[in-house]
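protein.txt (compact mmCIF, C-alpha atoms) appears below.
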# COMPACT_ATOMS: atom_id res chain seq x y z
CA MET A 1024 240.07 99.34 164.96
CA THR A 1025 238.07 96.26 165.93
CA ALA A 1026 238.46 92.85 164.31
CA ALA A 1027 235.12 93.34 162.51
CA ASP A 1028 236.22 96.73 161.17
CA ARG A 1029 239.45 95.22 160.04
CA SER A 1030 237.65 92.43 158.25
CA ALA A 1031 235.26 94.87 156.54
CA LEU A 1032 238.21 97.02 155.50
CA ALA A 1033 240.03 93.99 154.15
CA HIS A 1034 236.96 93.02 152.11
CA GLN A 1035 236.64 96.46 150.56
CA VAL A 1036 240.31 96.85 149.88
CA THR A 1037 240.20 93.45 148.19
CA LEU A 1038 237.49 94.55 145.78
CA LEU A 1039 239.38 97.73 145.00
CA GLU A 1040 242.57 95.84 144.41
CA LEU A 1041 240.84 93.36 142.13
CA VAL A 1042 239.45 96.04 139.82
CA ASP A 1043 242.73 97.95 139.93
CA ARG A 1044 244.67 94.86 138.89
CA VAL A 1045 242.38 93.89 136.04
CA LEU A 1046 242.14 97.40 134.57
CA ASN A 1047 245.56 98.85 135.35
CA LYS A 1048 247.92 95.93 135.62
CA GLY A 1049 248.39 92.73 133.73
CA VAL A 1050 250.45 92.65 130.61
CA VAL A 1051 249.28 95.14 128.00
CA LEU A 1052 248.49 93.40 124.71
CA SER A 1053 246.04 95.60 122.87
CA GLY A 1054 246.54 99.06 124.34
CA ASP A 1055 244.56 100.86 126.98
CA ILE A 1056 240.81 100.73 127.14
CA THR A 1057 239.12 103.86 125.94
CA LEU A 1058 237.65 105.52 128.97
CA SER A 1059 234.80 107.01 126.99
CA VAL A 1060 233.15 103.67 126.24
CA ALA A 1061 229.77 103.01 127.72
CA ASP A 1062 229.50 101.86 131.32
CA VAL A 1063 233.07 102.60 132.30
CA ASP A 1064 231.70 105.26 134.62
CA LEU A 1065 229.98 102.47 136.48
CA VAL A 1066 233.31 100.88 137.30
CA TYR A 1067 234.77 104.10 138.55
CA VAL A 1068 231.65 105.10 140.45
CA GLY A 1069 231.94 101.71 142.10
CA LEU A 1070 235.52 102.47 143.00
CA ARG A 1071 234.63 105.84 144.45
CA VAL A 1072 231.92 104.31 146.60
CA LEU A 1073 234.37 101.74 147.88
CA LEU A 1074 237.00 104.38 148.54
CA SER A 1075 234.63 106.58 150.48
CA SER A 1076 233.42 103.69 152.60
CA VAL A 1077 237.01 102.81 153.40
CA ALA A 1078 237.56 106.45 154.36
CA THR A 1079 234.49 106.34 156.62
CA LEU A 1080 235.71 103.20 158.26
CA GLU A 1081 239.07 104.76 158.86
CA GLY A 1082 237.49 107.60 160.82
CA GLN A 1083 237.85 111.33 160.72
CA ASN A 1084 241.58 111.69 161.05
CA GLU A 1085 242.39 111.79 157.38
CA ARG A 1086 244.05 108.47 157.26
CA VAL A 1087 244.90 107.47 153.75
CA LEU A 1088 245.81 104.02 152.63
CA ALA A 1089 249.47 103.91 151.84
CA GLY A 1090 250.33 102.76 148.38
CA ARG A 1091 249.60 103.96 144.90
CA ALA A 1092 246.50 106.07 144.47
CA LEU A 1093 243.79 104.55 142.37
CA PRO A 1094 242.72 106.33 139.19
CA MET B 23 236.40 90.49 118.18
CA ILE B 24 238.89 88.78 120.43
CA HIS B 25 239.27 89.41 124.14
CA VAL B 26 242.45 88.05 125.74
CA TYR B 27 242.70 86.75 129.32
CA GLY B 28 246.32 85.84 129.41
CA VAL B 29 249.22 83.68 128.32
CA VAL B 30 249.23 80.19 129.85
CA ASP B 31 251.84 77.53 130.32
CA GLU B 32 250.73 73.89 130.06
CA LEU B 33 247.04 74.55 130.55
CA ARG B 34 245.42 71.22 131.39
CA GLU B 35 241.86 72.17 130.45
CA LEU B 36 239.76 75.24 129.93
CA PRO B 37 237.84 76.25 133.05
CA PRO B 38 234.08 75.58 132.90
CA LEU B 39 233.27 79.29 132.74
CA GLU B 40 231.78 81.65 130.24
CA GLY B 41 233.97 84.51 129.20
CA VAL B 42 233.25 88.21 129.10
CA ASP B 43 229.84 88.73 127.38
CA GLY B 44 228.97 85.06 127.91
CA ALA B 45 231.02 83.69 125.00
CA PRO B 46 232.83 80.35 125.46
CA LEU B 47 236.54 80.35 126.27
CA GLU B 48 238.91 79.27 123.52
CA ARG B 49 242.59 78.42 123.20
CA ARG B 50 244.90 80.07 120.70
CA CYS B 51 248.50 79.26 119.87
CA VAL B 52 250.76 81.92 118.43
CA ASP B 53 254.18 80.47 117.72
CA GLU B 54 255.31 78.98 121.05
CA LEU B 55 252.79 80.89 123.15
CA GLU B 56 249.44 79.59 124.28
CA LEU B 57 246.71 82.07 125.11
CA VAL B 58 243.13 81.94 126.33
CA VAL B 59 240.61 84.18 124.59
CA SER B 60 236.90 84.56 123.94
CA ASN B 61 234.87 86.25 121.28
CA ARG B 62 233.43 89.66 122.16
CA PRO B 63 230.76 91.39 120.17
CA GLY B 64 231.22 94.65 122.03
CA VAL B 65 233.83 96.75 123.73
CA ASP B 66 231.98 97.84 126.88
CA VAL B 67 233.90 97.87 130.13
CA THR B 68 231.27 96.92 132.65
CA GLN B 69 231.75 95.74 136.20
CA ASP B 70 230.42 92.38 135.12
CA ALA B 71 232.99 92.16 132.33
CA VAL B 72 235.84 93.12 134.66
CA LEU B 73 234.80 90.55 137.26
CA ARG B 74 234.41 87.82 134.64
CA HIS B 75 237.86 88.55 133.26
CA ALA B 76 239.24 88.26 136.80
CA ALA B 77 237.35 85.01 137.44
CA VAL B 78 238.70 83.40 134.25
CA VAL B 79 242.29 84.37 135.08
CA GLU B 80 241.82 83.02 138.60
CA GLU B 81 240.58 79.67 137.29
CA LEU B 82 243.43 79.43 134.78
CA MET B 83 245.86 79.67 137.69
CA SER B 84 244.75 76.36 139.17
CA ARG B 85 244.84 74.58 135.80
CA SER B 86 248.26 75.46 134.47
CA ARG B 87 251.93 75.70 135.37
CA GLY B 88 251.91 79.45 134.92
CA VAL B 89 249.64 82.31 133.89
CA LEU B 90 250.67 85.72 132.66
CA PRO B 91 247.46 87.72 133.16
CA ALA B 92 246.52 90.21 130.45
CA GLN B 93 245.28 93.67 131.28
CA PHE B 94 241.61 94.14 130.43
CA GLY B 95 242.14 95.80 127.06
CA PRO B 96 240.11 96.60 123.99
CA PRO B 97 239.37 93.46 121.94
CA PHE B 98 241.31 92.71 118.77
CA GLY B 99 239.37 93.23 115.54
CA ASP B 100 240.29 89.87 114.00
CA GLU B 101 242.62 86.88 114.24
CA ASP B 102 245.34 88.56 112.18
CA ASP B 103 245.48 91.63 114.42
CA PHE B 104 245.61 89.39 117.45
CA ALA B 105 248.39 87.13 116.12
CA THR B 106 250.46 90.09 114.94
CA ALA B 107 250.25 91.81 118.31
CA ILE B 108 251.25 88.65 120.17
CA ARG B 109 254.18 87.96 117.78
CA THR B 110 255.42 91.50 118.24
CA LYS B 111 255.55 90.97 121.99
CA ALA B 112 256.48 87.29 121.99
CA ASP B 113 259.89 87.68 123.66
CA GLU B 114 258.57 89.96 126.39
CA LEU B 115 255.65 87.59 127.02
CA SER B 116 257.93 84.57 127.30
CA ARG B 117 260.16 86.38 129.77
CA GLY B 118 257.12 87.50 131.75
CA LEU B 119 255.74 83.98 131.90
CA SER B 120 259.08 82.62 133.13
CA ARG B 121 259.28 85.32 135.78
CA VAL B 122 255.85 84.63 137.30
CA ARG B 123 255.73 80.84 136.88
CA GLY B 124 255.16 79.17 140.22
CA CYS B 125 254.31 82.44 141.96
CA VAL B 126 251.29 84.30 143.24
CA GLU B 127 251.01 87.93 144.17
CA PHE B 128 250.14 89.64 147.44
CA GLY B 129 249.36 93.32 147.93
CA LEU B 130 250.15 95.09 151.15
CA ARG B 131 248.36 98.28 152.09
CA ILE B 132 249.36 100.07 155.24
CA ALA B 133 247.39 102.81 156.96
CA GLN B 134 249.49 104.83 159.36
CA PRO B 135 248.02 106.50 162.45
CA THR B 136 248.55 109.83 160.81
CA ASN B 137 249.66 110.16 157.25
CA ARG B 138 250.25 113.87 157.72
CA PRO B 139 253.13 114.40 160.11
CA GLU B 140 253.02 117.47 162.34
CA ALA B 141 255.56 119.85 160.94
CA ALA B 142 256.42 123.51 161.30
CA SER B 143 257.87 123.81 157.83
CA GLY B 144 257.86 122.15 154.45
CA SER B 145 261.31 120.67 154.85
CA GLU B 146 260.47 119.35 158.31
CA TYR B 147 257.35 117.78 156.85
CA MET B 148 259.37 116.12 154.09
CA ARG B 149 261.87 114.77 156.63
CA ALA B 150 259.04 113.31 158.70
CA ARG B 151 257.52 111.70 155.60
CA LEU B 152 260.89 110.26 154.69
CA GLU B 153 261.24 108.79 158.16
CA GLN B 154 257.79 107.19 157.84
CA GLU B 155 258.88 105.61 154.58
CA ARG B 156 262.08 104.33 156.20
CA VAL B 157 260.10 102.67 158.96
CA LEU B 158 257.86 101.02 156.39
CA ALA B 159 260.80 99.85 154.31
CA ARG B 160 262.38 98.31 157.39
CA ILE B 161 259.30 96.40 158.49
CA GLU B 162 258.70 95.11 154.97
CA GLU B 163 262.13 93.57 154.68
CA PRO B 164 261.07 90.11 155.94
CA LEU B 165 258.33 90.09 153.28
CA ALA B 166 260.72 91.05 150.51
CA ASN B 167 263.03 88.23 151.61
CA LEU B 168 260.24 85.72 150.93
CA SER B 169 259.48 87.19 147.50
CA ARG B 170 260.96 86.72 144.06
CA ALA B 171 260.20 90.35 143.23
CA THR B 172 258.51 93.41 144.72
CA SER B 173 256.91 96.48 143.18
CA SER B 174 257.02 100.11 144.23
CA ASN B 175 253.32 99.70 144.97
CA ARG B 176 254.04 97.17 147.73
CA ASP B 177 253.07 94.15 145.69
CA TYR B 178 255.01 90.95 146.31
CA LEU B 179 255.63 88.12 143.88
CA VAL B 180 255.72 85.10 146.16
CA PRO B 181 256.66 81.53 145.17
CA THR B 182 253.81 79.21 146.17
CA GLU B 183 256.06 77.31 148.58
CA ASN B 184 256.59 80.58 150.54
CA VAL B 185 252.92 81.55 150.79
CA ALA B 186 252.36 80.17 154.30
CA ALA B 187 255.55 81.79 155.60
CA PHE B 188 254.59 85.07 153.90
CA ARG B 189 251.20 85.11 155.63
CA ARG B 190 252.85 84.41 158.98
CA ALA B 191 255.32 87.24 158.38
CA VAL B 192 252.43 89.62 157.74
CA GLU B 193 250.75 88.51 160.97
CA HIS B 194 253.98 89.11 162.86
CA LEU B 195 254.28 92.59 161.37
CA GLN B 196 250.76 93.45 162.45
CA ALA B 197 251.40 92.10 165.95
CA ASP B 198 254.68 94.02 166.24
CA HIS B 199 253.14 97.25 164.93
CA PRO B 200 249.68 97.66 166.46
CA GLU B 201 249.83 101.37 165.53
CA LEU B 202 249.58 100.45 161.85
CA THR B 203 246.60 98.98 160.05
CA ILE B 204 248.02 96.41 157.68
CA VAL B 205 245.76 94.93 155.02
CA CYS B 206 247.24 92.13 152.97
CA THR B 207 245.26 90.97 149.93
CA GLY B 208 245.93 87.88 147.89
CA PRO B 209 246.91 85.45 146.70
CA TRP B 210 246.29 87.11 143.34
CA PRO B 211 247.31 85.94 139.91
CA PRO B 212 250.59 87.76 139.21
CA TYR B 213 249.05 90.80 137.49
CA SER B 214 251.73 93.25 138.61
CA PHE B 215 254.84 91.44 137.45
CA GLY B 216 254.26 90.64 133.79
CA ALA B 217 256.07 93.54 132.19
CA ASP B 218 259.83 93.82 131.91
CA GLY B 219 261.21 95.97 134.68
CA ALA B 220 258.17 95.38 136.89
Would you mind giving the structure from this file in structure tokens?
Amino acid sequence: MTAADRSALAHQVTLLELVDRVLNKGVVLSGDITLSVADVDLVYVGLRVLLSSVATLEGQNERVLAGRALP
Amino acid sequence: MIHVYGVVDELRELPPLEGVDGAPLERRCVDELELVVSNRPGVDVTQDAVLRHAAVVEELMSRSRGVLPAQFGPPFGDEDDFATAIRTKADELSRGLSRVRGCVEFGLRIAQPTNRPEAASGSEYMRARLEQERVLARIEEPLANLSRATSSNRDYLVPTENVAAFRRAVEHLQADHPELTIVCTGPWPPYSFGADGA
């Protein structure tokens, strides 16, 4: 993996991690968000796009990022 | 309705940001706890809302002694609902705030050359996976030593005075293990360490 690839990967992982933290972590005060509310699909579509571009970057050998799977 | 960003400790000033949905940020005190909130007309979870929530929490970090970030949750219907919920959790929130005060969070994600070990049988596969995990645990030890707490998800709660050493330790790990792709993200507000037992 080149330095540029690594940097692109780091950028995409960062975005993923941000959304994961805000939606799935943090102290729960008012319960979980209802996943049926409008526009939530947008967030998860965004996540899927990011995930697939990370997968592309990682090549064809079925590498998977270690760590907890995102929803 | 009331959207909550987090519990703060000695917040000097509200950040010059609009909250989710463009409403101004406001302070609330519930007993001994200080929180930052904004009014929300709706409940939509848009990318914009998520990113604004994150931006507010980020800005609170640099303006207070400690921030316990709230999960992006549904807004409270009114002030009474909000205050009741906070009072119910007051002890847990105080403990959480003490735990994360003075710390930031880093996340470590490690891609191995092959996450699927070659194996002739299921048990052999499981042994190979276990060995991979052992290797990872061993290389992460120097990072854990610089952290106040770690999570099973490879998140590290790092006191601010250890941040530079933590980054150097990650660089050393990457240099020592060129076969791994190590991505370290942060510093984050301590989202992953607010709950008891985290």
Checklist entry - Given the choices B:Ile204, B:Ala217, B:Met148, B:Leu82, which gets closest to chain A if the distance is worked out from only C-alpha atoms? => result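 Checking each of B:Ile204, B:Ala217, B:Met148, B:Leu82 against chain A, counting only C-alpha atoms, the winner is B:Ala217.
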Checklist entry - What's the 8 Å shell around range 180-197 of chain B, counting all atoms listed in the file, without same-chain residues fewer than 3 positions away, as a list in words? => result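 Neighbouring residues, sequence-local ones excluded: Gly124, Cys125, Val126, Glu127, Phe128, Ile161, Pro164, Leu165, Leu168, Ser169, Arg170, Ala171, Pro200, Leu202, Thr203, Ile204 and Cys206 of chain B.
Note that the spacing between CA of Val1045 in chain A and CA of Val89 in chain B amounts to 13.8 Å.
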Can you check which parts of chain B lie within 6 Å of chain A? Per residue, the shortest pair of atoms and distance in Å to one decimal, counting all atoms listed in the file, sorted by chain and number, as a Markdown table.
| residue | atom | partner | partner_atom | distance |
| --- | --- | --- | --- | --- |
| B:Asp66 | CA | A:Ala1061 | CA | 5.7 |
| B:Val67 | CA | A:Val1063 | CA | 5.3 |
| B:Thr68 | CA | A:Asp1062 | CA | 5.4 |
| B:Gln69 | CA | A:Val1066 | CA | 5.5 |
| B:Pro91 | CA | A:Gly1049 | CA | 5.1 |
| B:Ala92 | CA | A:Gly1049 | CA | 4.5 |
| B:Gln93 | CA | A:Gly1049 | CA | 4.1 |
| B:Phe94 | CA | A:Leu1046 | CA | 5.3 |
| B:Gly95 | CA | A:Ile1056 | CA | 5.1 |
| B:Pro96 | CA | A:Ile1056 | CA | 5.2 |
| B:Arg131 | CA | A:Ala1089 | CA | 5.7 |
| B:Ile132 | CA | A:Ala1089 | CA | 5.1 |
| B:Ala133 | CA | A:Leu1088 | CA | 4.8 |
| B:Thr136 | CA | A:Arg1086 | CA | 5.9 |
| B:Asn137 | CA | A:Arg1086 | CA | 5.9 |
| B:Asn175 | CA | A:Gly1090 | CA | 5.5 |
| B:Val205 | CA | A:Ala1033 | CA | 5.9 |
| B:Thr207 | CA | A:Thr1037 | CA | 5.9 |
| B:Tyr213 | CA | A:Gly1049 | CA | 4.3 |
| B:Ser214 | CA | A:Lys1048 | CA | 5.5 |
| B:Gly216 | CA | A:Val1050 | CA | 5.4 |
| B:Ala217 | CA | A:Val1050 | CA | 5.9 |
Item to check | Computed interatomic separation between CA of Leu152 in chain B and CA of Arg176 in chain B (Å) | outcome: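 CA of Arg176 in chain B lies 16.3 Å from CA of Leu152 in chain B.
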Checklist entry - Within 12 Å of (239.8, 83.2, 127.0), in the coordinates the file gives, what residues turn up when you count all atoms listed in the file, written out as an NGL selection string? => result :B and (23-30 or 33 or 35-51 or 56-62 or 74-82 or 91-92 or 94 or 97)
Checklist entry - Skipping near chain neighbours, those fewer than 6 positions away, what residues fall within 9 Å of Ala166 in chain B using all atoms listed in the file, listed as a list of chain:residue names? => result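 My list of contacting residues is B:Thr172, B:Tyr178, B:Leu179, B:Val180.
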Checklist entry - Hey, can you check how far CA of Arg85 in chain B sits from CA of Arg34 in chain B? => result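 If I compute the distance from CA of Arg85 in chain B to CA of Arg34 in chain B, I get 5.6 Å.
If you measure from each of B:Leu73, B:Ala141, B:Val157, B:Leu115 to Leu1039 in chain A using all atoms listed in the file, the closest one turns out to be B:Leu73.
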